[in-house]
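This is model_9.cif. It holds mmCIF, C-alpha atoms.
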data_work
#
loop_
_atom_site.label_atom_id
_atom_site.label_comp_id
_atom_site.auth_asym_id
_atom_site.auth_seq_id
_atom_site.Cartn_x
_atom_site.Cartn_y
_atom_site.Cartn_z
CA MET A 1205 145.13 90.48 115.75
CA THR A 1206 145.78 92.55 112.62
CA LYS A 1207 148.80 94.84 112.27
CA ASP A 1208 146.52 97.85 112.65
CA ALA A 1209 145.11 96.42 115.88
CA GLU A 1210 148.60 95.62 117.20
CA GLN A 1211 149.71 99.17 116.45
CA ARG A 1212 146.58 100.47 118.19
CA VAL A 1213 147.38 98.45 121.31
CA LYS A 1214 150.96 99.77 121.39
CA SER A 1215 149.64 103.31 121.08
CA LEU A 1216 147.14 102.72 123.89
CA GLU A 1217 149.84 101.21 126.12
CA ALA A 1218 152.06 104.24 125.65
CA GLU A 1219 149.17 106.62 126.35
CA LEU A 1220 148.12 104.72 129.47
CA ALA A 1221 151.71 104.88 130.76
CA ARG A 1222 151.75 108.63 130.17
CA LEU A 1223 148.45 109.10 131.99
CA LYS A 1224 149.60 107.05 134.95
CA ASN A 1225 152.56 109.39 135.37
CA GLY A 1226 150.06 112.10 136.27
CA ILE A 1227 147.62 110.03 138.36
CA ARG A 1228 148.78 108.12 141.40
CA LEU A 1229 146.35 106.37 143.74
CA SER A 1230 146.91 105.34 147.34
CA GLY A 1231 144.98 104.52 150.49
CA HIS A 1232 141.47 103.00 150.53
CA SER A 1233 138.05 104.09 149.38
CA ILE A 1234 134.49 103.15 150.24
CA ALA A 1235 132.74 104.10 147.02
CA ALA A 1236 135.15 103.51 144.17
CA PRO A 1237 133.77 101.66 141.11
CA ALA A 1238 134.21 97.89 141.47
CA GLY A 1239 137.30 96.65 139.66
CA ARG A 1240 138.22 100.14 138.43
CA LEU A 1241 141.10 101.75 140.29
CA ALA A 1242 139.30 101.15 143.59
CA THR A 1243 141.87 102.91 145.73
CA GLY A 1244 142.01 106.23 147.50
CA THR A 1245 143.33 109.73 146.99
CA VAL A 1246 144.11 110.97 143.51
CA VAL A 1247 147.39 112.89 143.35
CA GLY A 1248 148.34 114.59 140.11
CA SER A 1249 149.71 117.77 138.60
CA GLU A 1250 146.29 119.23 137.81
CA GLU A 1251 144.21 118.17 140.79
CA MET A 1252 141.39 120.38 142.06
CA LEU A 1253 141.83 120.77 145.82
CA LEU A 1254 139.58 121.88 148.69
CA GLN A 1255 140.13 121.69 152.46
CA VAL A 1256 137.42 122.25 155.08
CA ASP A 1257 137.23 121.78 158.83
CA LEU A 1258 134.74 119.46 160.53
CA GLU A 1259 132.18 122.29 160.70
CA GLY A 1260 132.38 122.83 156.96
CA LYS A 1261 134.38 126.07 156.95
CA VAL A 1262 136.73 126.53 154.01
CA LEU A 1263 140.40 126.31 155.01
CA TYR A 1264 141.93 126.26 151.53
CA LEU A 1265 140.68 126.31 147.96
CA ASN A 1266 142.99 126.20 144.96
CA GLY A 1267 142.29 127.89 141.65
CA PRO A 1268 141.20 124.83 139.62
CA MET A 1269 138.67 123.77 142.30
CA ALA A 1270 137.33 127.33 142.56
CA THR A 1271 136.84 127.42 138.79
CA LEU A 1272 135.13 124.03 138.83
CA MET A 1273 132.65 125.12 141.50
CA GLY A 1274 132.14 128.59 140.04
CA ILE A 1275 133.69 130.52 142.94
CA ALA A 1276 135.01 133.81 141.56
CA ASN A 1277 137.02 134.91 144.62
CA ARG A 1278 138.57 131.87 146.23
CA ARG A 1279 140.49 133.82 148.88
CA ALA A 1280 137.31 135.50 150.07
CA ALA A 1281 135.79 132.05 150.58
CA VAL A 1282 138.39 131.06 153.21
CA GLY A 1283 136.82 131.04 156.68
CA LEU A 1284 133.26 130.91 155.34
CA ASN A 1285 130.87 127.97 155.44
CA LEU A 1286 131.24 125.98 152.22
CA GLU A 1287 127.50 125.58 151.67
CA HIS A 1288 127.02 129.34 152.02
CA VAL A 1289 129.82 129.97 149.52
CA LEU A 1290 128.31 127.54 147.04
CA GLU A 1291 124.86 129.10 147.34
CA ASN A 1292 126.34 132.30 145.90
CA ALA A 1293 128.56 130.60 143.32
CA ASP A 1294 128.03 130.76 139.58
CA THR A 1295 128.80 127.24 138.39
CA PRO A 1296 130.21 127.30 134.80
CA GLY A 1297 127.65 126.00 132.34
CA GLY A 1298 125.62 124.38 135.10
CA GLY A 1299 127.48 121.15 134.39
CA PHE A 1300 129.13 120.50 137.76
CA HIS A 1301 126.94 119.34 140.63
CA VAL A 1302 128.35 120.66 143.91
CA GLU A 1303 126.20 118.09 145.70
CA VAL A 1304 128.86 115.53 144.77
CA VAL A 1305 131.49 117.41 146.79
CA LEU A 1306 129.11 118.05 149.70
CA GLY A 1307 128.06 114.40 149.72
CA CYS A 1308 131.67 113.19 149.79
CA ILE A 1309 132.44 115.53 152.69
CA GLU A 1310 129.38 114.41 154.64
CA SER A 1311 130.12 110.73 154.05
CA CYS A 1312 133.74 111.17 155.10
CA ARG A 1313 132.74 113.10 158.23
CA ASN A 1314 130.17 110.50 159.29
CA SER A 1315 132.23 107.38 158.56
CA ASN A 1316 135.76 108.62 159.37
CA GLN A 1317 136.81 106.90 156.15
CA ALA A 1318 137.69 108.05 152.66
CA SER A 1319 134.74 108.73 150.40
CA VAL A 1320 135.09 108.38 146.63
CA VAL A 1321 132.62 109.20 143.88
CA GLU A 1322 133.29 108.92 140.17
CA THR A 1323 130.58 110.16 137.84
CA VAL A 1324 129.82 111.72 134.47
CA PHE A 1325 129.02 115.44 134.29
CA PRO A 1326 127.01 116.08 131.11
CA GLY A 1327 127.38 119.62 129.82
CA LEU A 1328 130.40 120.53 131.94
CA PRO A 1329 132.46 122.87 129.73
CA ALA A 1330 136.17 122.37 129.12
CA SER A 1331 136.77 125.84 130.56
CA ALA A 1332 135.75 124.51 133.99
CA LEU A 1333 138.61 121.98 134.00
CA PRO A 1334 142.34 122.67 134.46
CA GLY A 1335 144.87 122.38 131.68
CA THR A 1336 144.27 121.74 128.00
CA ARG A 1337 141.66 119.04 127.72
CA THR A 1338 142.60 116.56 125.00
CA SER A 1339 140.12 113.88 126.03
CA PRO A 1340 137.77 112.32 123.45
CA ASN A 1341 134.58 114.11 122.54
CA THR A 1342 132.57 112.75 125.46
CA ASP A 1343 131.05 114.15 128.64
CA PRO A 1344 133.71 114.70 131.34
CA ILE A 1345 134.16 112.04 134.02
CA LEU A 1346 135.42 113.36 137.35
CA ARG A 1347 136.65 111.45 140.36
CA VAL A 1348 136.07 113.19 143.69
CA VAL A 1349 137.84 111.92 146.81
CA ALA A 1350 137.37 113.15 150.40
CA ASN A 1351 139.86 112.15 153.12
CA LEU A 1352 139.79 112.94 156.85
CA SER A 1353 143.12 113.80 158.51
CA LYS A 1354 143.98 115.73 161.68
CA GLY A 1355 140.54 117.29 162.03
CA GLN A 1356 140.39 118.42 158.40
CA ILE A 1357 138.68 117.04 155.33
CA GLN A 1358 140.61 117.27 152.09
CA VAL A 1359 138.70 116.97 148.82
CA ILE A 1360 140.51 116.29 145.55
CA ALA A 1361 138.86 116.11 142.14
CA GLN A 1362 140.48 115.05 138.89
CA ASP A 1363 139.39 114.62 135.29
CA VAL A 1364 139.68 110.90 134.51
CA THR A 1365 137.80 111.03 131.21
CA LYS A 1366 140.75 110.04 129.06
CA LEU A 1367 141.86 107.33 131.47
CA ARG A 1368 138.41 105.72 131.29
CA TRP A 1369 138.41 106.08 127.51
CA ILE A 1370 141.76 104.31 127.31
CA GLU A 1371 140.33 101.55 129.50
CA SER A 1372 137.37 101.06 127.19
CA MET A 1373 139.66 100.96 124.15
CA PHE A 1374 141.93 98.39 125.81
CA ALA A 1375 138.89 96.26 126.60
CA ARG A 1376 138.46 95.63 122.87
CA TYR A 1377 141.81 93.86 122.71
CA VAL A 1378 142.64 92.43 126.14
CA SER A 1379 140.82 90.82 129.04
CA PRO A 1380 139.67 92.76 132.14
CA GLN A 1381 142.39 90.96 134.13
CA VAL A 1382 145.08 92.49 131.92
CA ILE A 1383 143.59 95.96 132.42
CA GLU A 1384 143.71 95.39 136.19
CA LEU A 1385 147.35 94.27 135.85
CA LEU A 1386 148.21 97.46 133.96
CA HIS A 1387 146.61 99.56 136.70
CA GLY A 1388 148.82 97.89 139.28
CA THR A 1389 152.01 98.24 137.24
CA ALA A 1390 154.36 101.19 137.56
CA SER A 1391 154.24 103.41 134.48
CA ASP A 1392 157.89 102.74 133.56
CA GLU A 1393 157.22 98.97 133.63
CA VAL A 1394 154.15 98.86 131.36
CA LEU A 1395 156.18 98.30 128.19
CA VAL A 1396 158.98 96.17 129.73
CA THR A 1397 159.42 92.71 128.15
CA ASP A 1398 160.65 89.54 129.82
CA SER A 1399 161.12 85.83 129.11
CA ARG A 1400 159.11 83.11 130.82
CA GLU A 1401 157.51 79.73 130.21
CA ILE A 1402 153.87 80.01 129.11
CA SER A 1403 151.22 77.89 127.45
CA ILE A 1404 149.56 78.79 124.13
CA LEU A 1405 146.20 77.48 122.96
CA PHE A 1406 144.77 77.53 119.44
CA GLY A 1407 141.11 76.77 118.81
CA ASP A 1408 139.01 76.91 115.67
CA LEU A 1409 135.60 75.89 114.42
CA ARG A 1410 135.52 72.30 113.18
CA GLY A 1411 134.33 71.93 109.57
CA PHE A 1412 134.39 75.67 109.02
CA THR A 1413 135.40 75.54 105.34
CA SER A 1414 132.66 73.13 104.29
CA MET A 1415 130.15 74.99 106.44
CA CYS A 1416 130.92 78.24 104.60
CA GLU A 1417 129.95 76.59 101.31
CA ARG A 1418 126.42 76.01 102.60
CA LEU A 1419 125.74 79.27 104.44
CA SER A 1420 125.22 82.85 103.34
CA ALA A 1421 127.80 85.49 104.20
CA GLU A 1422 125.55 86.85 106.95
CA GLU A 1423 125.07 83.40 108.46
CA VAL A 1424 128.84 82.77 108.41
CA ARG A 1425 129.45 86.09 110.16
CA ASP A 1426 126.86 85.39 112.87
CA THR A 1427 128.13 81.85 113.42
CA VAL A 1428 131.76 82.92 113.76
CA ASN A 1429 130.82 85.77 116.10
CA ASP A 1430 128.80 83.45 118.33
CA PHE A 1431 131.59 80.86 118.33
CA LEU A 1432 134.37 83.31 119.18
CA THR A 1433 132.27 84.96 121.88
CA GLY A 1434 131.87 81.59 123.60
CA MET A 1435 135.57 80.79 123.23
CA VAL A 1436 136.63 84.10 124.77
CA GLN A 1437 134.37 83.44 127.74
CA CYS A 1438 136.12 80.08 128.26
CA ILE A 1439 139.53 81.75 128.07
CA ASP A 1440 138.58 84.45 130.56
CA ARG A 1441 137.25 81.88 133.02
CA HIS A 1442 140.68 80.24 133.26
CA ARG A 1443 142.98 83.30 133.48
CA GLY A 1444 143.90 83.29 129.81
CA THR A 1445 144.41 86.28 127.51
CA VAL A 1446 143.26 86.44 123.89
CA ASP A 1447 146.25 87.17 121.67
CA LYS A 1448 144.55 87.29 118.25
CA PHE A 1449 141.74 86.11 116.01
CA VAL A 1450 142.45 84.68 112.56
CA GLY A 1451 139.20 83.99 110.77
CA ASP A 1452 137.47 81.37 112.91
CA GLU A 1453 140.63 80.71 114.94
CA VAL A 1454 141.45 82.14 118.33
CA MET A 1455 144.92 82.17 119.92
CA ALA A 1456 145.19 82.49 123.70
CA LEU A 1457 148.09 82.90 126.12
CA PHE A 1458 148.31 81.44 129.62
CA GLY A 1459 151.00 82.75 131.94
CA ALA A 1460 151.42 86.07 130.10
CA PRO A 1461 150.93 88.91 130.61
CA LEU A 1462 149.36 87.59 133.85
CA HIS A 1463 151.82 85.44 135.81
CA ASP A 1464 150.29 82.01 136.43
CA ASP A 1465 152.12 79.03 137.95
CA GLN A 1466 149.22 76.85 136.76
CA HIS A 1467 149.33 78.08 133.15
CA ALA A 1468 149.55 74.60 131.57
CA LEU A 1469 146.68 73.24 133.65
CA ASN A 1470 144.53 76.29 132.93
CA ALA A 1471 145.19 75.95 129.19
CA ILE A 1472 144.01 72.32 129.31
CA LEU A 1473 140.95 73.24 131.37
CA THR A 1474 140.13 75.95 128.83
CA ALA A 1475 140.37 73.46 125.97
CA LEU A 1476 137.98 71.10 127.76
CA ASP A 1477 135.68 74.02 128.50
CA MET A 1478 135.74 74.99 124.81
CA GLN A 1479 134.83 71.45 123.75
CA ARG A 1480 131.91 71.37 126.15
#
I'd like the structure from this file rewritten - as structure tokens, please.
Amino acid sequence: MTKDAEQRVKSLEAELARLKNGIRLSGHSIAAPAGRLATGTVVGSEEMLLQVDLEGKVLYLNGPMATLMGIANRRAAVGLNLEHVLENADTPGGGFHVEVVLGCIESCRNSNQASVVETVFPGLPASALPGTRTSPNTDPILRVVANLSKGQIQVIAQDVTKLRWIESMFARYVSPQVIELLHGTASDEVLVTDSREISILFGDLRGFTSMCERLSAEEVRDTVNDFLTGMVQCIDRHRGTVDKFVGDEVMALFGAPLHDDQHALNAILTALDMQR
């Protein structure tokens, strides 16, 4: 990994830790994306909150949720049927689909379990979201969670655009298992270092130098890319983490950052897998 890439990873780690301070997940969900924060209610400083009874009457609606759904007078909506309120709402920019909220409520009511939907909202303006949006220039991604408790359904929505963007950036440098580990780590522990016994594997392409003398630059590039892609797949299969690439060489760690009592065995199995 180059110095620029290492610096980029450190920056991403710090940003992910900051984001996790504002987003805490608990409970269980029935519709969360597989392998992506598949847990329940989002709790943060800028959540959009709605509470309805089992008949669909609005019990509480905070300002950010009212803005998101285009409800001008949130206090006047209390006591009214949510669907009726939404029929007369003026959704900002037409970018938010209230059917997502209604669907979560209906699913939660019918199943007596939490309902979670995370989706992209093309065209949703920044003015419809709370706070100062500093996410990348992409369509907003919102996570909507409905929970049933004591005869009430609570709906919380939160902008997770930047969190997903950080995930995608991390995926360029570390394995999906490491991303999952970061999600399960407390924010103040993300950058903590420790000492442990691990195994390190180096692998490169045999005869690479002489091969380069016979091939064009484009052929060398394609060959190295194909080779490293296959090597990374071997590493991922055995709980390893790619540390860096140096030309045609790959360096992998076993036992860090993922704890693995079988790190030595998995490193050997990866080497055999690579040879095959």
Output of the PyMOL selection byres ((chain A and resi 1280) around 12), listed as JSON, numbers by chain: {"A": [1262, 1263, 1264, 1265, 1270, 1275, 1276, 1277, 1278, 1279, 1281, 1282, 1283, 1284, 1285, 1286, 1289]}
Take the residues just selected and output them with C-alpha atoms as an mmCIF file, keeping the file's coordinate frame.
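What follows is the written file out25.cif:
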data_model
loop_
_atom_site.group_PDB
_atom_site.id
_atom_site.type_symbol
_atom_site.label_atom_id
_atom_site.label_comp_id
_atom_site.auth_asym_id
_atom_site.auth_seq_id
_atom_site.Cartn_x
_atom_site.Cartn_y
_atom_site.Cartn_z
ATOM 1 C CA VAL A 1262 136.730 126.530 154.010
ATOM 2 C CA LEU A 1263 140.400 126.310 155.010
ATOM 3 C CA TYR A 1264 141.930 126.260 151.530
ATOM 4 C CA LEU A 1265 140.680 126.310 147.960
ATOM 5 C CA ALA A 1270 137.330 127.330 142.560
ATOM 6 C CA ILE A 1275 133.690 130.520 142.940
ATOM 7 C CA ALA A 1276 135.010 133.810 141.560
ATOM 8 C CA ASN A 1277 137.020 134.910 144.620
ATOM 9 C CA ARG A 1278 138.570 131.870 146.230
ATOM 10 C CA ARG A 1279 140.490 133.820 148.880
ATOM 11 C CA ALA A 1281 135.790 132.050 150.580
ATOM 12 C CA VAL A 1282 138.390 131.060 153.210
ATOM 13 C CA GLY A 1283 136.820 131.040 156.680
ATOM 14 C CA LEU A 1284 133.260 130.910 155.340
ATOM 15 C CA ASN A 1285 130.870 127.970 155.440
ATOM 16 C CA LEU A 1286 131.240 125.980 152.220
ATOM 17 C CA VAL A 1289 129.820 129.970 149.520
#
Picked residues, the PyMOL selection byres ((chain A and resi 1322-1333) around 6), expected as a ChimeraX atom specification: /A:1271-1272,1299-1300,1321,1334,1343-1347
Target residues per the PyMOL selection byres ((chain A and resi 1407) around 8), formatted as an MDAnalysis selection string: chainID A and resid 1405:1406 1408:1409 1453:1455 1475
Minimum-distance residue to Thr1397 (chain A), chosen among A:Pro1461, A:Trp1369, A:Gly1434, A:Asp1426 (using all atoms listed in the file):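 When distances to Thr1397 (chain A) are compared using all atoms listed in the file, the smallest one comes from A:Pro1461.
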Pick from A:Glu1422, A:Glu1401, A:Glu1310, A:Glu1251, whichever lies nearest to Phe1458 (chain A) using all atoms listed in the file: A:Glu1401
Using the file's own x, y and z axes, what box holds all listed atoms of region 1284-1291 of chain A with 8 Å on each side, keeping edges along x, y and z, and what are its centre and edge lengths in Å to one decimal, as JSON?
{"center_x": 129.1, "center_y": 128.2, "center_z": 151.2, "size_x": 24.4, "size_y": 21.3, "size_z": 24.4}
Distance criterion (all atoms listed in the file): nearest to Gln1317 (chain A) out of A:Asp1363, A:Asn1351, A:Asn1429, A:Ala1468: A:Asn1351
Straight-line distance linking CA of Arg1400 (chain A) with CA of Glu1371 (chain A), stated in Å to one decimal: 26.4 Å
Atom-to-atom span, CA of Leu1254 (chain A) and CA of Pro1268 (chain A), Å: 9.7 Å
Separation of CA of Arg1480 (chain A) from CA of Ala1460 (chain A) in Å: 24.7 Å
Selected residue, from A:Gly1307, A:Gly1451, A:Gly1260, A:Gly1267, that lies nearest to Phe1412 (chain A) when counting only C-alpha atoms: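 Residue with the minimum atom-to-atom distance to Phe1412 (chain A): A:Gly1451.
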List the residues sitting within 12 Å of (148.4, 75.6, 130.4) in the file's frame, using all atoms listed in the file, as a compact mmCIF listing (two decimals) with C-alpha atoms, in the frame of the given file.
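part_30.txt, written as the output of this step:
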# COMPACT_ATOMS: atom_id res chain seq x y z
CA GLU A 1401 157.51 79.73 130.21
CA ILE A 1402 153.87 80.01 129.11
CA SER A 1403 151.22 77.89 127.45
CA ILE A 1404 149.56 78.79 124.13
CA LEU A 1405 146.20 77.48 122.96
CA PHE A 1406 144.77 77.53 119.44
CA ILE A 1439 139.53 81.75 128.07
CA HIS A 1442 140.68 80.24 133.26
CA ARG A 1443 142.98 83.30 133.48
CA GLY A 1444 143.90 83.29 129.81
CA THR A 1445 144.41 86.28 127.51
CA ALA A 1456 145.19 82.49 123.70
CA LEU A 1457 148.09 82.90 126.12
CA PHE A 1458 148.31 81.44 129.62
CA GLY A 1459 151.00 82.75 131.94
CA ALA A 1460 151.42 86.07 130.10
CA HIS A 1463 151.82 85.44 135.81
CA ASP A 1464 150.29 82.01 136.43
CA ASP A 1465 152.12 79.03 137.95
CA GLN A 1466 149.22 76.85 136.76
CA HIS A 1467 149.33 78.08 133.15
CA ALA A 1468 149.55 74.60 131.57
CA LEU A 1469 146.68 73.24 133.65
CA ASN A 1470 144.53 76.29 132.93
CA ALA A 1471 145.19 75.95 129.19
CA ILE A 1472 144.01 72.32 129.31
CA LEU A 1473 140.95 73.24 131.37
CA THR A 1474 140.13 75.95 128.83
CA ALA A 1475 140.37 73.46 125.97
CA LEU A 1476 137.98 71.10 127.76
Residue nearest Ser1353 (chain A) - candidates A:Asp1447, A:Asp1477, A:Asp1430, A:Asp1257, atoms counted: all atoms listed in the file: A:Asp1257
Nearest candidate to Phe1431 (chain A) (options A:Ser1372, A:Ser1399, A:Gln1479, A:Asn1314; using only C-alpha atoms):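 Residue with the minimum atom-to-atom distance to Phe1431 (chain A): A:Gln1479.
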